[in-house]
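Comments concern the structure below.
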Amino acid sequence: MTAENFIKDLQEEVFMETEISLITLGTNFKDLDEWDSLTALSLIAHFDMNLGKKISGDQIKNAVFIQDLYNLAIA
Amino acid sequence: MFTVKGVKLSSIVGVAPAYTEDNLTNPIFNDSEDAEKYVKTVGVRYRRVTDKNTCTADLFVPAFNKQIELLNWDKSEVGILIVITQTPEYISPLQSIILQDRLGLEKTCLCLDVPLGCSGYIYGSFLISSLMQSHNIKKGILFTGDTLTKQASIKDRSTQPLFSDAATSTAFELDTTASDMFFDLGNDGSGFENIMVKDGGYRNRFSEESLKYVDKGEGVCLRGIDTIMIGMDVFSFAISTAPKTVNQLIIQYNLDFDSLDYFVFHQANMFLNEMIRKRLKLPVDKVPYSLYDYGNSASATIPITILDKIQNEIQEKPLKMIFSGFGVGLSWGAMYIETNNVVVAPIILV
């Protein structure tokens, strides 16, 4: 999965209200207006259902940038 | 996977506190917009709250009395009482034994407590029906419910606006014409810390420390005697486990998916439950919710949802249903049941 595809899906499934141009590997996703506890749950669901990966609350807590999420997705 | 033969679910009665608190004016939220968003996404508007003197046991009693009256049962016929609760009156002795005397049941009535939460209705139905089947116990009563509001920290956004109080009584009886019940049950102790009450047992005895609020960040501030819930991990567990247990049941017993009338899930929260529903590709009208008016009351939510949303149908016609519960333990289960003219009453408000 390319970073580009990862970001495209992430925008469609999780950060639906955020302009895709604002989402890059270097984006601190917790600074996005849309980020809250519910977005975190959507992120877990997206990983589980669409990427087939279980991610924990701690992994989300420790992640800062979109790059960190991408690393989890391709790990 | 387990099959139980020749046991009929005869009646469901539910009790909830008449006193409600409205999440739209809940001071735990930052402002009204915050509150409205919560109600919309989590699905809980009203929480049923008992006063400090009312225990779960006090809700079981009127449920039982109403049920016995509706069924026209003689109390002496009740051969087994199973109580599923995490909020008994005392740590010891068993709630079921205390209730045996209070309800006027025979001393030979088999009394058992099972301290399960959200999966409790499934385990309770399995335990009572299989014991009745194997030992020819003709009539049995299953109590499930909690006063969870007493376990929620008033400063914890993850539990305080969600938890609600309710108790239910379900009557079972031996009946050779009853359809088989199927069960899929599971547990995973590696997640025991995801939902727990840390103090008051024998690992961490209750002490002065147990009453001190500790700020865990992100809107969670609680005491050792309160429920701690690691929301993200519980969510992650539930969105995969609940669809899996339901699917296993359908596949193992070759159930005709389209012939199923209802799927009644533990009412965890709307966001999570809708995710489960969509994953199983279930139509909206086959998945009832009672979250708006009754919140999350652990093992009581499945019977409360039935009474709140499909009371007339379960009373008037045969239904094929799947119930599924998942949560504290971690523990989960799903059951298939065909009901036939279940004796019910409107939820009793006390």
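Within each chain, counting starts at residue 1; across the structure tokens, chains are named A, B, ... in the order shown, with ligands numbered 1 upward in that order.
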For chain A, list the residues within 7 Å of chain B, counting only C-alpha atoms, and write the list as a PDB file with C-alpha atoms, in the first residue's frame.
ATOM      1  CA  LEU A  41     -12.529   5.114  17.431  1.00  0.00           C
ATOM      2  CA  ILE A  44      -9.396   1.827  15.186  1.00  0.00           C
ATOM      3  CA  SER A  56      -4.420  -0.475  20.586  1.00  0.00           C
ATOM      4  CA  GLY A  57      -5.293   2.679  22.448  1.00  0.00           C
TER       5      GLY A  57
END
Residues within 6 Å of segment 110-127 of chain B, please, as a VMD selection string. Count only C-alpha atoms; anything in the same chain fewer than 3 positions from it doesn't count. chain B and resid 80 to 86 96 to 97 130 298 to 299 325 to 328 332 to 333
For the selection you just gave me, I'd like the residues written to a file as a compact mmCIF listing (two decimals), in the first residue's frame, keeping N, CA and C atoms.
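Below is the file selection_14.txt, written as the result:
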# COMPACT_ATOMS: atom_id res chain seq x y z
N ILE B 80 -34.54 -23.21 40.63
CA ILE B 80 -33.21 -22.62 40.48
C ILE B 80 -33.33 -21.10 40.31
N LEU B 81 -32.43 -20.38 40.98
CA LEU B 81 -32.35 -18.92 40.84
C LEU B 81 -30.90 -18.56 40.55
N ILE B 82 -30.68 -17.96 39.38
CA ILE B 82 -29.33 -17.47 39.05
C ILE B 82 -29.36 -15.95 38.99
N VAL B 83 -28.44 -15.32 39.69
CA VAL B 83 -28.37 -13.86 39.71
C VAL B 83 -27.08 -13.42 39.03
N ILE B 84 -27.24 -12.66 37.96
CA ILE B 84 -26.07 -12.10 37.27
C ILE B 84 -26.00 -10.63 37.62
N THR B 85 -25.03 -10.26 38.42
CA THR B 85 -24.86 -8.84 38.75
C THR B 85 -23.43 -8.58 39.20
N GLN B 86 -22.99 -7.35 38.96
CA GLN B 86 -21.68 -6.92 39.47
C GLN B 86 -21.87 -5.95 40.62
N SER B 96 -28.01 -14.21 45.48
CA SER B 96 -29.11 -15.15 45.17
C SER B 96 -29.62 -15.82 46.44
N ILE B 97 -28.72 -16.09 47.37
CA ILE B 97 -29.14 -16.76 48.61
C ILE B 97 -29.94 -15.81 49.49
N SER B 130 -29.14 -25.03 30.79
CA SER B 130 -28.45 -26.33 30.76
C SER B 130 -28.56 -27.06 32.09
N ALA B 298 -25.45 -2.84 31.55
CA ALA B 298 -24.73 -4.13 31.56
C ALA B 298 -25.64 -5.30 31.19
N SER B 299 -25.76 -6.29 32.07
CA SER B 299 -26.47 -7.53 31.70
C SER B 299 -27.98 -7.36 31.54
N GLY B 325 -23.97 -10.46 23.66
CA GLY B 325 -23.43 -9.55 24.67
C GLY B 325 -21.92 -9.65 24.70
N PHE B 326 -21.27 -8.54 25.08
CA PHE B 326 -19.80 -8.51 25.04
C PHE B 326 -19.32 -7.42 25.98
N GLY B 327 -18.24 -7.67 26.70
CA GLY B 327 -17.73 -6.62 27.58
C GLY B 327 -16.80 -7.14 28.65
N VAL B 328 -17.00 -6.60 29.86
CA VAL B 328 -16.08 -6.83 30.99
C VAL B 328 -15.70 -8.31 31.11
N TRP B 332 -17.67 -12.70 26.15
CA TRP B 332 -18.67 -12.45 25.11
C TRP B 332 -19.49 -13.71 24.84
N GLY B 333 -20.60 -13.53 24.17
CA GLY B 333 -21.41 -14.68 23.80
C GLY B 333 -22.53 -14.28 22.85
Would you kindly return, as a count of residues only, each protein, DNA or RNA residue with an atom no farther than 10 Å from any atom of segment 10-21 of chain A, considering only C-alpha atoms and excluding same-chain residues fewer than 4 positions away? 22
Residues of segment 46-132 of chain B classed as alpha helix (DSSP H) by DSSP on the backbone are to be reported as number ranges by chain. B: 56-71, 95-103, 120-132
Suppose we keep C-alpha atoms; can you now write the selection as a PDB file, in the first residue's frame?
ATOM      1  CA  THR B  56     -29.887  -3.937  42.327  1.00  0.00           C
ATOM      2  CA  ALA B  57     -31.558  -6.503  44.600  1.00  0.00           C
ATOM      3  CA  ASP B  58     -34.317  -3.979  45.348  1.00  0.00           C
ATOM      4  CA  LEU B  59     -35.092  -3.878  41.613  1.00  0.00           C
ATOM      5  CA  PHE B  60     -35.092  -7.667  41.243  1.00  0.00           C
ATOM      6  CA  VAL B  61     -37.814  -8.092  43.865  1.00  0.00           C
ATOM      7  CA  PRO B  62     -40.628  -6.205  42.049  1.00  0.00           C
ATOM      8  CA  ALA B  63     -39.574  -7.833  38.757  1.00  0.00           C
ATOM      9  CA  PHE B  64     -39.922 -11.281  40.303  1.00  0.00           C
ATOM     10  CA  ASN B  65     -43.225 -10.535  42.028  1.00  0.00           C
ATOM     11  CA  LYS B  66     -44.766  -9.231  38.818  1.00  0.00           C
ATOM     12  CA  GLN B  67     -43.492 -12.223  36.866  1.00  0.00           C
ATOM     13  CA  ILE B  68     -44.838 -14.805  39.294  1.00  0.00           C
ATOM     14  CA  GLU B  69     -48.203 -13.063  39.214  1.00  0.00           C
ATOM     15  CA  LEU B  70     -48.290 -12.945  35.386  1.00  0.00           C
ATOM     16  CA  LEU B  71     -47.267 -16.587  35.025  1.00  0.00           C
ATOM     17  CA  GLN B  95     -27.075 -12.188  46.418  1.00  0.00           C
ATOM     18  CA  SER B  96     -29.106 -15.146  45.173  1.00  0.00           C
ATOM     19  CA  ILE B  97     -29.135 -16.763  48.609  1.00  0.00           C
ATOM     20  CA  ILE B  98     -30.227 -13.565  50.317  1.00  0.00           C
ATOM     21  CA  LEU B  99     -32.981 -13.268  47.719  1.00  0.00           C
ATOM     22  CA  GLN B 100     -34.090 -16.883  48.164  1.00  0.00           C
ATOM     23  CA  ASP B 101     -35.374 -15.950  51.603  1.00  0.00           C
ATOM     24  CA  ARG B 102     -36.578 -12.474  50.669  1.00  0.00           C
ATOM     25  CA  LEU B 103     -38.606 -13.793  47.738  1.00  0.00           C
ATOM     26  CA  GLY B 120     -24.239 -11.888  31.376  1.00  0.00           C
ATOM     27  CA  TYR B 121     -27.599 -12.427  29.736  1.00  0.00           C
ATOM     28  CA  ILE B 122     -26.115 -14.942  27.317  1.00  0.00           C
ATOM     29  CA  TYR B 123     -24.134 -16.809  29.984  1.00  0.00           C
ATOM     30  CA  GLY B 124     -27.054 -16.688  32.388  1.00  0.00           C
ATOM     31  CA  SER B 125     -29.467 -18.116  29.819  1.00  0.00           C
ATOM     32  CA  PHE B 126     -26.955 -20.841  29.009  1.00  0.00           C
ATOM     33  CA  LEU B 127     -26.283 -21.776  32.629  1.00  0.00           C
ATOM     34  CA  ILE B 128     -29.868 -21.858  33.808  1.00  0.00           C
ATOM     35  CA  SER B 129     -31.216 -23.721  30.786  1.00  0.00           C
ATOM     36  CA  SER B 130     -28.454 -26.327  30.761  1.00  0.00           C
ATOM     37  CA  LEU B 131     -28.750 -26.998  34.496  1.00  0.00           C
ATOM     38  CA  MET B 132     -32.515 -27.296  34.144  1.00  0.00           C
TER      39      MET B 132
END
Length of the atom CA of Met229 of chain B to atom CA of Phe265 of chain B vector [Å]: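 Separation of atom CA of Met229 of chain B and atom CA of Phe265 of chain B: 19.5 Å.
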Could you please determine the separation between atom CA of Gln160 of chain B and atom CA of Ser290 of chain B in Å, to one decimal place?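 It comes out at 17.5 Å.
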